[in-house]
$ cat query.pdb   # PDB, C-alpha atoms, pLDDT in the B column
ATOM      1  CA  MET W  12     -11.660  52.875 -12.141  1.00 72.00           C
ATOM      2  CA  THR W  13     -13.176  53.792  -8.848  1.00 85.00           C
ATOM      3  CA  PRO W  14     -11.676  52.590  -5.557  1.00 83.00           C
ATOM      4  CA  ARG W  15     -14.758  50.460  -4.943  1.00 86.00           C
ATOM      5  CA  ARG W  16     -14.386  48.726  -8.311  1.00 87.00           C
ATOM      6  CA  ASN W  17     -10.651  48.169  -7.623  1.00 86.00           C
ATOM      7  CA  ARG W  18     -11.428  46.522  -4.278  1.00 88.00           C
ATOM      8  CA  MET W  19     -14.107  44.346  -5.842  1.00 88.00           C
ATOM      9  CA  LEU W  20     -11.747  43.236  -8.610  1.00 89.00           C
ATOM     10  CA  SER W  21      -9.043  42.483  -6.023  1.00 89.00           C
ATOM     11  CA  VAL W  22     -11.445  40.404  -3.905  1.00 87.00           C
ATOM     12  CA  ILE W  23     -12.683  38.446  -6.944  1.00 91.00           C
ATOM     13  CA  THR W  24      -9.107  37.814  -8.092  1.00 91.00           C
ATOM     14  CA  LEU W  25      -8.153  36.661  -4.594  1.00 88.00           C
ATOM     15  CA  LEU W  26     -11.150  34.297  -4.396  1.00 89.00           C
ATOM     16  CA  VAL W  27     -10.378  32.788  -7.811  1.00 88.00           C
ATOM     17  CA  GLY W  28      -6.725  32.334  -6.830  1.00 85.00           C
ATOM     18  CA  VAL W  29      -7.567  30.664  -3.521  1.00 87.00           C
ATOM     19  CA  SER W  30     -10.121  28.412  -5.236  1.00 86.00           C
ATOM     20  CA  LEU W  31      -7.606  27.322  -7.872  1.00 84.00           C
ATOM     21  CA  ALA W  32      -4.976  26.647  -5.204  1.00 83.00           C
ATOM     22  CA  ALA W  33      -7.453  24.506  -3.258  1.00 81.00           C
ATOM     23  CA  VAL W  34      -8.442  22.517  -6.350  1.00 80.00           C
ATOM     24  CA  PHE W  35      -4.826  21.834  -7.349  1.00 79.00           C
ATOM     25  CA  GLY W  36      -3.876  21.014  -3.759  1.00 76.00           C
ATOM     26  CA  LEU W  37      -6.680  18.497  -3.354  1.00 73.00           C
ATOM     27  CA  ARG W  38      -5.972  16.966  -6.759  1.00 74.00           C
ATOM     28  CA  GLY W  39      -2.315  16.557  -5.797  1.00 67.00           C
ATOM     29  CA  CYS W  40      -3.316  14.723  -2.620  1.00 63.00           C
ATOM     30  CA  ASP W  41      -4.919  11.966  -4.720  1.00 59.00           C
ATOM     31  CA  ASP W  42      -1.439  10.852  -5.760  1.00 56.00           C
ATOM     32  CA  LEU W  43      -0.408  10.499  -2.112  1.00 53.00           C
ATOM     33  CA  LYS W  44      -3.210   8.093  -1.209  1.00 60.00           C
ATOM     34  CA  SER W  45      -2.126   4.538  -0.605  1.00 65.00           C
ATOM     35  CA  TYR W  46      -5.003   2.103  -0.625  1.00 83.00           C
ATOM     36  CA  PHE W  47      -4.871  -1.164   1.329  1.00 88.00           C
ATOM     37  CA  PHE W  48      -5.688  -4.478  -0.339  1.00 91.00           C
ATOM     38  CA  ASP W  49      -5.459  -8.062   0.847  1.00 90.00           C
ATOM     39  CA  PRO W  50      -4.326 -10.886  -1.492  1.00 93.00           C
ATOM     40  CA  SER W  51      -7.924 -11.929  -2.300  1.00 91.00           C
ATOM     41  CA  GLN W  52      -8.736  -8.427  -3.536  1.00 91.00           C
ATOM     42  CA  VAL W  53      -5.526  -8.277  -5.588  1.00 91.00           C
ATOM     43  CA  VAL W  54      -6.192 -11.653  -7.234  1.00 91.00           C
ATOM     44  CA  ALA W  55      -9.806 -10.598  -7.921  1.00 91.00           C
ATOM     45  CA  GLY W  56      -8.512  -7.598  -9.906  1.00 87.00           C
ATOM     46  CA  ALA W  57      -9.451  -4.773  -7.528  1.00 87.00           C
ATOM     47  CA  VAL W  58      -6.131  -3.027  -8.203  1.00 87.00           C
ATOM     48  CA  LYS W  59      -5.794  -0.709 -11.204  1.00 81.00           C
ATOM     49  CA  GLY W  60      -2.875  -1.225 -13.605  1.00 75.00           C
ATOM     50  CA  ASP W  61      -0.098   1.043 -12.342  1.00 82.00           C
ATOM     51  CA  GLN W  62      -1.658   1.891  -8.976  1.00 85.00           C
ATOM     52  CA  SER W  63       0.574   2.076  -5.920  1.00 89.00           C
ATOM     53  CA  PHE W  64      -1.031   0.382  -2.926  1.00 91.00           C
ATOM     54  CA  ARG W  65      -0.397  -1.406   0.361  1.00 92.00           C
ATOM     55  CA  LEU W  66      -0.599  -5.191   0.426  1.00 93.00           C
ATOM     56  CA  GLY W  67      -1.180  -6.825   3.782  1.00 90.00           C
ATOM     57  CA  GLY W  68      -1.406 -10.347   5.085  1.00 91.00           C
ATOM     58  CA  MET W  69       0.692 -13.097   6.563  1.00 92.00           C
ATOM     59  CA  VAL W  70       4.062 -14.218   5.203  1.00 93.00           C
ATOM     60  CA  LYS W  71       3.488 -17.811   4.104  1.00 94.00           C
ATOM     61  CA  ASP W  72       5.676 -20.376   5.859  1.00 94.00           C
ATOM     62  CA  GLY W  73       8.368 -21.794   3.580  1.00 95.00           C
ATOM     63  CA  SER W  74       7.967 -19.090   0.926  1.00 95.00           C
ATOM     64  CA  PHE W  75      10.909 -16.817   1.794  1.00 95.00           C
ATOM     65  CA  ILE W  76      13.789 -16.887  -0.730  1.00 95.00           C
ATOM     66  CA  ARG W  77      16.907 -14.701  -0.574  1.00 95.00           C
ATOM     67  CA  VAL W  78      19.089 -14.289  -3.678  1.00 94.00           C
ATOM     68  CA  PRO W  79      22.691 -15.013  -2.620  1.00 93.00           C
ATOM     69  CA  GLU W  80      25.043 -12.022  -2.365  1.00 93.00           C
ATOM     70  CA  SER W  81      22.292  -9.450  -2.960  1.00 93.00           C
ATOM     71  CA  LEU W  82      19.456  -7.698  -1.174  1.00 93.00           C
ATOM     72  CA  ASP W  83      16.845  -9.316  -3.438  1.00 96.00           C
ATOM     73  CA  VAL W  84      14.221 -11.383  -1.642  1.00 96.00           C
ATOM     74  CA  SER W  85      10.884 -12.902  -2.523  1.00 96.00           C
ATOM     75  CA  PHE W  86       8.111 -14.312  -0.383  1.00 96.00           C
ATOM     76  CA  VAL W  87       4.397 -14.988  -0.547  1.00 96.00           C
ATOM     77  CA  VAL W  88       1.766 -12.956   1.303  1.00 95.00           C
ATOM     78  CA  THR W  89      -1.471 -14.781   2.042  1.00 93.00           C
ATOM     79  CA  ASP W  90      -4.820 -14.053   3.627  1.00 91.00           C
ATOM     80  CA  PHE W  91      -5.422 -17.824   3.841  1.00 90.00           C
ATOM     81  CA  ALA W  92      -7.692 -17.672   0.799  1.00 91.00           C
ATOM     82  CA  GLN W  93      -5.366 -16.285  -1.907  1.00 94.00           C
ATOM     83  CA  GLU W  94      -1.654 -15.639  -2.274  1.00 94.00           C
ATOM     84  CA  VAL W  95       0.454 -12.914  -3.907  1.00 95.00           C
ATOM     85  CA  LYS W  96       4.179 -13.229  -4.596  1.00 96.00           C
ATOM     86  CA  VAL W  97       6.204 -10.252  -3.326  1.00 96.00           C
ATOM     87  CA  LEU W  98       9.569  -9.130  -4.723  1.00 96.00           C
ATOM     88  CA  TYR W  99      11.714  -6.756  -2.686  1.00 97.00           C
ATOM     89  CA  ASN W 100      15.203  -5.295  -2.917  1.00 96.00           C
ATOM     90  CA  GLY W 101      16.418  -3.850   0.346  1.00 94.00           C
ATOM     91  CA  LEU W 102      16.890  -4.463   4.024  1.00 93.00           C
ATOM     92  CA  LEU W 103      14.007  -6.175   5.782  1.00 93.00           C
ATOM     93  CA  PRO W 104      12.822  -5.104   9.235  1.00 91.00           C
ATOM     94  CA  ASP W 105      14.411  -7.044  12.099  1.00 88.00           C
ATOM     95  CA  LEU W 106      11.037  -8.517  13.078  1.00 87.00           C
ATOM     96  CA  PHE W 107      10.219  -9.785   9.579  1.00 91.00           C
ATOM     97  CA  ARG W 108       9.735 -13.564   9.479  1.00 90.00           C
ATOM     98  CA  GLU W 109       7.555 -16.267   8.002  1.00 91.00           C
ATOM     99  CA  GLY W 110       4.192 -16.795   9.657  1.00 89.00           C
ATOM    100  CA  GLN W 111       3.965 -13.157  10.796  1.00 89.00           C
ATOM    101  CA  GLY W 112       1.921 -10.164   9.639  1.00 89.00           C
ATOM    102  CA  VAL W 113       3.364  -7.792   7.066  1.00 92.00           C
ATOM    103  CA  VAL W 114       2.319  -4.696   5.129  1.00 92.00           C
ATOM    104  CA  ALA W 115       4.193  -3.872   1.923  1.00 94.00           C
ATOM    105  CA  THR W 116       3.881  -0.748  -0.221  1.00 93.00           C
ATOM    106  CA  GLY W 117       4.439  -1.002  -3.979  1.00 94.00           C
ATOM    107  CA  LYS W 118       2.901  -1.941  -7.338  1.00 93.00           C
ATOM    108  CA  LEU W 119       2.076  -5.011  -9.375  1.00 93.00           C
ATOM    109  CA  ASN W 120       4.368  -5.853 -12.282  1.00 92.00           C
ATOM    110  CA  GLN W 121       3.212  -7.270 -15.624  1.00 90.00           C
ATOM    111  CA  TYR W 122       3.392 -10.837 -14.221  1.00 91.00           C
ATOM    112  CA  GLY W 123       1.033 -10.125 -11.322  1.00 89.00           C
ATOM    113  CA  GLU W 124       3.853 -10.083  -8.776  1.00 93.00           C
ATOM    114  CA  PHE W 125       3.933  -7.341  -6.179  1.00 95.00           C
ATOM    115  CA  VAL W 126       7.132  -5.265  -6.370  1.00 95.00           C
ATOM    116  CA  ALA W 127       7.547  -3.751  -2.920  1.00 95.00           C
ATOM    117  CA  GLU W 128       9.236  -0.428  -2.213  1.00 95.00           C
ATOM    118  CA  ASN W 129       8.789  -0.660   1.555  1.00 94.00           C
ATOM    119  CA  ILE W 130       8.137  -3.520   3.998  1.00 94.00           C
ATOM    120  CA  LEU W 131       6.646  -3.099   7.469  1.00 91.00           C
ATOM    121  CA  ALA W 132       6.540  -5.932  10.007  1.00 86.00           C
ATOM    122  CA  LYS W 133       4.700  -6.121  13.285  1.00 68.00           C
ATOM    123  CA  HIS W 134       6.588  -4.627  16.237  1.00 58.00           C
ATOM    124  CA  ASP W 135       5.712  -7.129  18.993  1.00 52.00           C
ATOM    125  CA  GLU W 136       3.837 -10.383  19.415  1.00 50.00           C
ATOM    126  CA  ASN W 137       0.530  -8.659  20.191  1.00 55.00           C
ATOM    127  CA  TYR W 138       0.452  -6.201  17.289  1.00 55.00           C
ATOM    128  CA  MET W 139      -0.810  -6.645  13.772  1.00 59.00           C
ATOM    129  CA  PRO W 140      -1.662  -3.765  11.418  1.00 59.00           C
ATOM    130  CA  PRO W 141      -5.424  -3.094  11.765  1.00 68.00           C
ATOM    131  CA  GLU W 142      -6.091  -3.626   8.052  1.00 66.00           C
ATOM    132  CA  VAL W 143      -4.380  -7.031   8.130  1.00 65.00           C
ATOM    133  CA  ALA W 144      -6.213  -8.092  11.292  1.00 67.00           C
ATOM    134  CA  ASP W 145      -9.592  -7.081   9.825  1.00 71.00           C
ATOM    135  CA  SER W 146      -8.837  -8.859   6.560  1.00 66.00           C
ATOM    136  CA  LEU W 147      -7.768 -12.082   8.283  1.00 64.00           C
ATOM    137  CA  LYS W 148     -10.777 -12.077  10.622  1.00 68.00           C
ATOM    138  CA  GLN W 149     -13.064 -12.271   7.596  1.00 68.00           C
ATOM    139  CA  LYS W 150     -11.357 -15.391   6.231  1.00 60.00           C
ATOM    140  CA  PRO W 151     -10.937 -18.523   8.352  1.00 57.00           C
ATOM    141  CA  PRO W 152      -7.437 -20.028   8.096  1.00 54.00           C
ATOM    142  CA  GLU W 153      -7.034 -23.206   6.091  1.00 54.00           C
ATOM    143  CA  THR W 154      -5.401 -26.120   7.824  1.00 49.00           C
ATOM    144  CA  ASP W 155      -3.466 -27.591   4.878  1.00 49.00           C
ATOM    145  CA  TYR W 156      -0.319 -25.489   5.383  1.00 43.00           C
TER
END

$ encode --input "query.pdb" --output "structure tokens"
Amino acid sequence: MTPRRNRMLSVITLLVGVSLAAVFGLRGCDDLKSYFFDPSQVVAGAVKGDQSFRLGGMVKDGSFIRVPESLDVSFVVTDFAQEVKVLYNGLLPDLFREGQGVVATGKLNQYGEFVAENILAKHDENYMPPEVADSLKQKPPETDY
């Protein structure tokens, strides 16, 4: 083989290798995406079967239940149109409370309940996650709570 042919083969091999690395890297990033849904979208079936996603809304007043002598809790997240029950095992943020905004990351179980892996609460009285605020602005609150 001539030196020119060797260089050309090396360049082509390098380009194919870089292209394959880019394709696999971008494909791997799909697994890291965490889509945001509000309770109305979840109830409407917008979430795929085993898809991990973020659920955001308000913690419904009177819905918080703690299992005695464990870290298991359940509560309802609402967007004032629909509700989704959330199950969580772990420590809750200090600012977590009923009637406040929350974003939870997790998956739906076979019963349609959201099993959370992580819970985020607002950090002061003026903050609400942007996705939750946008979702709640679109739906007027009901007054029968």

$ resolve_selection --input "query.pdb" --expression "the PyMOL selection byres ((chain W and resi 55-68) around 8)" --output "list of chain:residue names"
W:Ser45, W:Tyr46, W:Phe47, W:Phe48, W:Asp49, W:Pro50, W:Ser51, W:Gln52, W:Val53, W:Val54, W:Met69, W:Val70, W:Val88, W:Thr89, W:Asp90, W:Gly112, W:Val113, W:Val114, W:Ala115, W:Thr116, W:Gly117, W:Lys118, W:Leu119, W:Glu142, W:Val143, W:Ser146, W:Leu147

$ atom_distance --input "query.pdb" --atom1 "atom CA of W:Asp72" --atom2 "atom CA of W:Gly110"
5.4 Å

$ atom_distance --input "query.pdb" --atom1 "atom CA of W:Leu103" --atom2 "atom CA of W:Ile130"
6.7 Å

$ atom_distance --input "query.pdb" --atom1 "atom CA of W:Glu80" --atom2 "atom CA of W:Gln121"
26.0 Å

$ closest_residue --input "query.pdb" --among "W:Val95, W:Leu102, W:Val29, W:Leu131" --to "W:Asp83" --atoms "all atoms listed in the file"
W:Leu102

$ resolve_selection --input "query.pdb" --expression "the PyMOL selection byres ((chain W and resi 98) around 12)" --output "ChimeraX atom specification"
/W:74-78,82-88,95-97,99-101,103,115-120,122-130
